[in-house]
Amino acid sequence: MAEENMTSAVSPETSGKICEDVFVNGGTDIMDSDVKESDDVETPTEENHSNEPVMPRKSSFMCKDGSRKPPRKKTVSFSSMPTERKIATAQDCLQCMQSGSELIKVRSNSRQYHRIFKLNPDMTEIRWQPTSKKPHKARISIAAIKEVRGGKTTEALKNKEIAGIYQDECAFSIIFGEDFDSMDLIANTPDEANIWITGLTCLINTSAKTGTSPEAIEEMQQMRDSWLQEMFETEASQSAGTLDEKGVINLVTKLNSNIAPARVRQKVKEIELNRVEAAERGRLSTEEFICLFKEISTRPEIYFLLVRYASNTDYLTTDDLLLFLEAEQGMQRVTKDKCIDIINKFEPSKDGRKKGQLGIDGFTDYLLSEDCDIFDLDQNKICQDMHQPLSHYFIASSHNTYLMKDQLQGPSSVDAYIRALIRGCRCVELDCWDGPNEDPIIYHGHTFTSKIQFKAVIEAINTYAFETSEYPVILSIENHCNIKQQQAMAAYMTSIFGDKLCQECVGENEDGPPSPESLKGKILVKGKKLPPNSVDGYVTDEDEGAESDKKKNNKSKDHPVKKHKLAKELSDLVNYCVSTRFQDFQISQQKQKFYEMCSFSESTAIKLAMSCPEEFVNHNKKFLSRIYPNGMRVDSSNYNPQDLWNCGCQMVALNYQTHGLMMDLYNGFFRRNAMCGYILKPAIMREEIAYFSANTKDVIPGVSPQILHIKVISGQHFPKPKGSGSRGDVTDPYVTIEIFGIPADCAEERTKTVPHNGYSPIFDESFEFQINLPELALVRFAVLDDDYIGDEFIGQYTIPFECMQTGYRHIRLCSNTGEEIPNCTLFIHVAITNKRGGGKAHKRGMSVKKKTKRDYTSMKSVGVKSIDETFKYHQFQPILVHRIHG
């Protein structure tokens, strides 16, 4: 007798009932309820149903500003509701599979059929319910399964009729039989697909060794239970074998410091409410504690990852770990000794360490450790060539360094200099004015900012100049003092700095600036310089101090340029950073000396960058340029430094005291190369014969583009925005990924919103970006609250593209002041094509949202479809072959 027809509609109610002990409805894609199913039947007697592919229902919704948002697929999180069951072991996956799931079966002709798939009770085969086939044909033996592949890896799933409809993370294939047949399936959510991939992988691995009985699966999980029981008994030895709420919180925190006490309290209350038998109120037994710990500490996305590499279900052997490190983390020449070291360091159970096994708790700790940080640890030491001329480096530079807040009435402080220098700043600004008792002071002239002594600043610089970096510090002097106080300034610097002060005269045989390496431990003075053999003389004011005067003078064309008298003692301290007036690039090329440098206001620099970007880049190959914010920025806000880095400007000065996006970029940019404050410019911006336009929106000739693949997997412990006015602690987080760099590289993408879950949201979304000039590219991750009042910012992390580690990585998010937020992380996967060191582009379950605004391949199409497709295929074929067979 034929089975009853199954409905093809996936309603919220149906989806929840299929596996209600694991999933909470609300995140699944909803299919059109009026689309009927068809089947891959051989009998002609079955009714003929629609063969059209089932499309997700399209929904449209509006942004807060009234614009239309594109529809986004939503998936549920395993932690979206406190009462739902968690995936903590392989048994949880198997129980869900035994309960059954409605999956879409895809045939090679792109026909799709909705079927209920189940794992039979003795776990020897999976079955599904066809409309007319005999039940004995609708089954696959576990012993016959060769492999389970996540993602769209087969021809049927790569078909364009399928590829554009369903998420890659929802697709998987079962390869079985002697002929390696393929059963291609699509789950309602990535979580459901992961359960089947994980469960089947466990069964395959276990079947090859011990059979697939429940006892065999349970035996594999004893290592963790034994460890937890031992820890519990030690903690509860003085309390009759049970623990109260405080004791449970202390033990959980001891075993896993990433779990919030509030989370533990909530679970203790749930256990009490769900008890069938009477028990001592407020106290947990061993079994209850083990269940609680597994539920709240096991992250499903990490457990699924472990099982895919585990040959023994619930732990990684040294061979499994070695394969993971090489295939996923991009590590080369990994030894078994290295794997044993990792296991001994991170595996909490004695049995695990003794047997060389890494369980889920140790694996999670390893992925959260510094070893798996997204930032390349090699960048924590000097790794760039430091022997090139100063003009070949970007130099971390501060504007109005003395200020703690705004430049109108904010306080000035010596501490501001100390903070900047400790953060790696190599160029600080000193606005010098006449002070009482012939003692110069520093403050923002003609404003209400407070005043500090010049001498105190020099003493602080002398103490902290080389705390973070041993490379040269440049003092940008804005001089408004009379001759006597200028002489005092020179005397203070000479006596306090001593040998640190670079007082060398520029040699006649020198043809370019010295290198950072040759100036280690030295302090340079930037300012005006008198002509040779002059005693005291008048010089023009070239820096930002003349900006306001310049605006006044523009009203009268005949008004002369303002000059001031310069003391010889101060002039003699200036050598490699002589301030000079900029006229145009042609005059600079003909007359400017290599030791002369120009200062540009933000507006002037941006105009030059827009009107003559090639000339600006060429100018900065030979000469130093300093850029400072417009005087109208009375709130000490910052401009985008990327626009000027793209032109090769070395000293792009920002207000270090003003937090926000621009300082996030600045801190991220200079984090590399041991935070020494000097970053070598790309070769195309240094070499004389190279041609580069800062405004380029195309592939750069001679520079091979790289493709960055990022999969945002999950988040952990997102706090509520500090400035939010909404009540409660619930957030609706989403993640944005922004690329900053040359115009050709700038891009932005965002994930879906996970409603009401800031604790452990699952995103499972992938994106792709083309990076044309890697040395200048920055990648910024920001987590925001979609349901906010007042403030939406939760956390951010900015990293140079070249410092990104490939593989599975955790990002430690920072607050709006740049400080690390405790336990607040983003779990991602990174793959980069054309990058040496692993992290292959084609990963399991890695769907990619390709931007449609520009073509990502640098290969030119010839217009012949067969040829173009062939070359496009072979361009990535070696990577694909390695991923499938490696």
# chains A, B, ... in the order shown; residues from 1 in each chain; ligands from 1
>>> residues_around(residues="Val106 of chain A", least_positions_apart="2", cutoff="9 Å", atoms="only C-alpha atoms", output="short mmCIF file (atom, residue, chain, number, x, y, z; two decimals) with N, CA, C and O atoms, in the first residue's frame")
data_model
loop_
_atom_site.label_atom_id
_atom_site.label_comp_id
_atom_site.auth_asym_id
_atom_site.auth_seq_id
_atom_site.Cartn_x
_atom_site.Cartn_y
_atom_site.Cartn_z
N ILE A 104 14.38 18.21 2.24
CA ILE A 104 14.08 18.27 0.81
C ILE A 104 15.08 17.39 0.07
O ILE A 104 16.30 17.60 0.16
N SER A 108 18.88 14.73 -9.67
CA SER A 108 19.78 15.32 -10.67
C SER A 108 19.04 16.21 -11.66
O SER A 108 19.63 17.10 -12.27
N ASN A 109 17.73 15.99 -11.84
CA ASN A 109 16.95 16.82 -12.75
C ASN A 109 16.37 18.05 -12.04
O ASN A 109 15.48 18.72 -12.56
N SER A 110 16.88 18.33 -10.84
CA SER A 110 16.49 19.50 -10.03
C SER A 110 15.11 19.37 -9.40
O SER A 110 14.62 20.33 -8.80
N ARG A 111 14.47 18.22 -9.57
CA ARG A 111 13.18 18.04 -8.90
C ARG A 111 13.41 17.91 -7.40
O ARG A 111 14.40 17.33 -6.95
N GLN A 112 12.44 18.43 -6.64
CA GLN A 112 12.58 18.46 -5.18
C GLN A 112 11.38 17.78 -4.54
O GLN A 112 10.25 18.01 -4.94
N TYR A 113 11.67 16.98 -3.51
CA TYR A 113 10.62 16.23 -2.84
C TYR A 113 10.78 16.36 -1.34
O TYR A 113 11.87 16.15 -0.80
N ALA A 156 23.96 17.91 -8.60
CA ALA A 156 22.55 18.21 -8.40
C ALA A 156 22.36 19.48 -7.57
O ALA A 156 21.49 20.30 -7.85
N LEU A 157 23.19 19.66 -6.55
CA LEU A 157 23.05 20.83 -5.68
C LEU A 157 23.70 22.07 -6.27
O LEU A 157 23.37 23.19 -5.88
N ILE A 162 18.85 25.25 -8.16
CA ILE A 162 18.89 24.97 -6.72
C ILE A 162 19.79 25.97 -6.01
O ILE A 162 19.45 26.49 -4.95
N MET A 183 22.87 10.92 -2.28
CA MET A 183 21.57 11.37 -1.81
C MET A 183 21.74 12.83 -1.41
O MET A 183 22.43 13.15 -0.44
N ASP A 184 21.14 13.74 -2.15
CA ASP A 184 21.32 15.18 -1.93
C ASP A 184 20.12 15.73 -1.19
O ASP A 184 18.98 15.60 -1.65
N LEU A 185 20.40 16.38 -0.05
CA LEU A 185 19.34 16.82 0.84
C LEU A 185 19.51 18.28 1.24
O LEU A 185 20.63 18.80 1.28
N ILE A 186 18.38 18.93 1.55
CA ILE A 186 18.40 20.30 2.03
C ILE A 186 17.53 20.38 3.29
O ILE A 186 16.36 19.99 3.26
#
>>> residues_around(residues="Tyr393 of chain A", least_positions_apart="3", cutoff="7 Å", atoms="only C-alpha atoms", output="mmCIF file with N, CA and C atoms, in the first residue's frame")
data_model
loop_
_atom_site.group_PDB
_atom_site.id
_atom_site.type_symbol
_atom_site.label_atom_id
_atom_site.label_comp_id
_atom_site.auth_asym_id
_atom_site.auth_seq_id
_atom_site.Cartn_x
_atom_site.Cartn_y
_atom_site.Cartn_z
ATOM 1 N N LEU A 390 62.578 57.293 5.696
ATOM 2 C CA LEU A 390 61.386 57.638 6.481
ATOM 3 C C LEU A 390 60.160 57.873 5.607
ATOM 4 N N GLN A 650 52.360 60.213 4.991
ATOM 5 C CA GLN A 650 52.975 59.485 6.104
ATOM 6 C C GLN A 650 52.364 59.845 7.453
ATOM 7 N N TYR A 678 55.475 52.510 12.848
ATOM 8 C CA TYR A 678 55.980 52.662 11.481
ATOM 9 C C TYR A 678 55.514 51.466 10.650
ATOM 10 N N ILE A 679 54.773 51.747 9.580
ATOM 11 C CA ILE A 679 54.278 50.705 8.688
ATOM 12 C C ILE A 679 54.819 50.971 7.288
ATOM 13 N N LEU A 680 55.495 49.995 6.726
ATOM 14 C CA LEU A 680 56.076 50.150 5.391
ATOM 15 C C LEU A 680 54.974 50.259 4.349
ATOM 16 N N LYS A 681 55.083 51.241 3.483
ATOM 17 C CA LYS A 681 54.067 51.436 2.437
ATOM 18 C C LYS A 681 54.178 50.345 1.377
#
>>> select_by_dssp(residues="segment 418-456 of chain A", states="strand (DSSP E)", output="ChimeraX atom specification")
/A:427-433,441-442,452-453
>>> write_last_selection(atoms="N, CA and C atoms", output="CSV table (one decimal), in the first residue's frame")
chain,number,residue,atom,x,y,z
A,427,CYS,N,54.6,60.6,16.4
A,427,CYS,CA,54.6,62.0,16.1
A,427,CYS,C,53.6,62.7,17.0
A,428,VAL,N,54.1,63.5,17.9
A,428,VAL,CA,53.2,64.2,18.8
A,428,VAL,C,53.3,65.7,18.6
A,429,GLU,N,52.3,66.4,18.9
A,429,GLU,CA,52.2,67.9,18.6
A,429,GLU,C,52.3,68.7,19.9
A,430,LEU,N,53.1,69.8,19.8
A,430,LEU,CA,53.3,70.7,20.9
A,430,LEU,C,52.9,72.1,20.5
A,431,ASP,N,51.8,72.6,20.9
A,431,ASP,CA,51.4,74.0,20.6
A,431,ASP,C,52.0,74.9,21.7
A,432,CYS,N,53.1,75.6,21.4
A,432,CYS,CA,53.8,76.3,22.4
A,432,CYS,C,53.5,77.8,22.4
A,433,TRP,N,53.3,78.4,23.6
A,433,TRP,CA,52.9,79.8,23.8
A,433,TRP,C,53.7,80.4,24.9
A,441,ILE,N,54.5,77.5,27.8
A,441,ILE,CA,53.4,76.6,28.1
A,441,ILE,C,52.8,76.0,26.8
A,442,ILE,N,52.0,75.0,27.0
A,442,ILE,CA,51.3,74.3,25.9
A,442,ILE,C,49.8,74.3,26.1
A,452,ILE,N,49.4,73.6,30.2
A,452,ILE,CA,50.4,72.8,30.9
A,452,ILE,C,51.8,73.3,30.6
A,453,GLN,N,52.8,73.0,31.4
A,453,GLN,CA,54.1,73.5,31.2
A,453,GLN,C,54.9,72.7,30.1
>>> closest_residue(among="A:Glu819, A:Glu615, A:Lys562, A:Pro721", to="Asp584 of chain A", atoms="only C-alpha atoms")
A:Glu615
>>> closest_residue(among="A:Ser397, A:Asn646, A:Thr449, A:Asn509", to="Pro472 of chain A", atoms="only C-alpha atoms")
A:Ser397
>>> residues_around(residues="Glu272 of chain A", least_positions_apart="5", cutoff="9 Å", atoms="only C-alpha atoms", output="count of residues only")
6
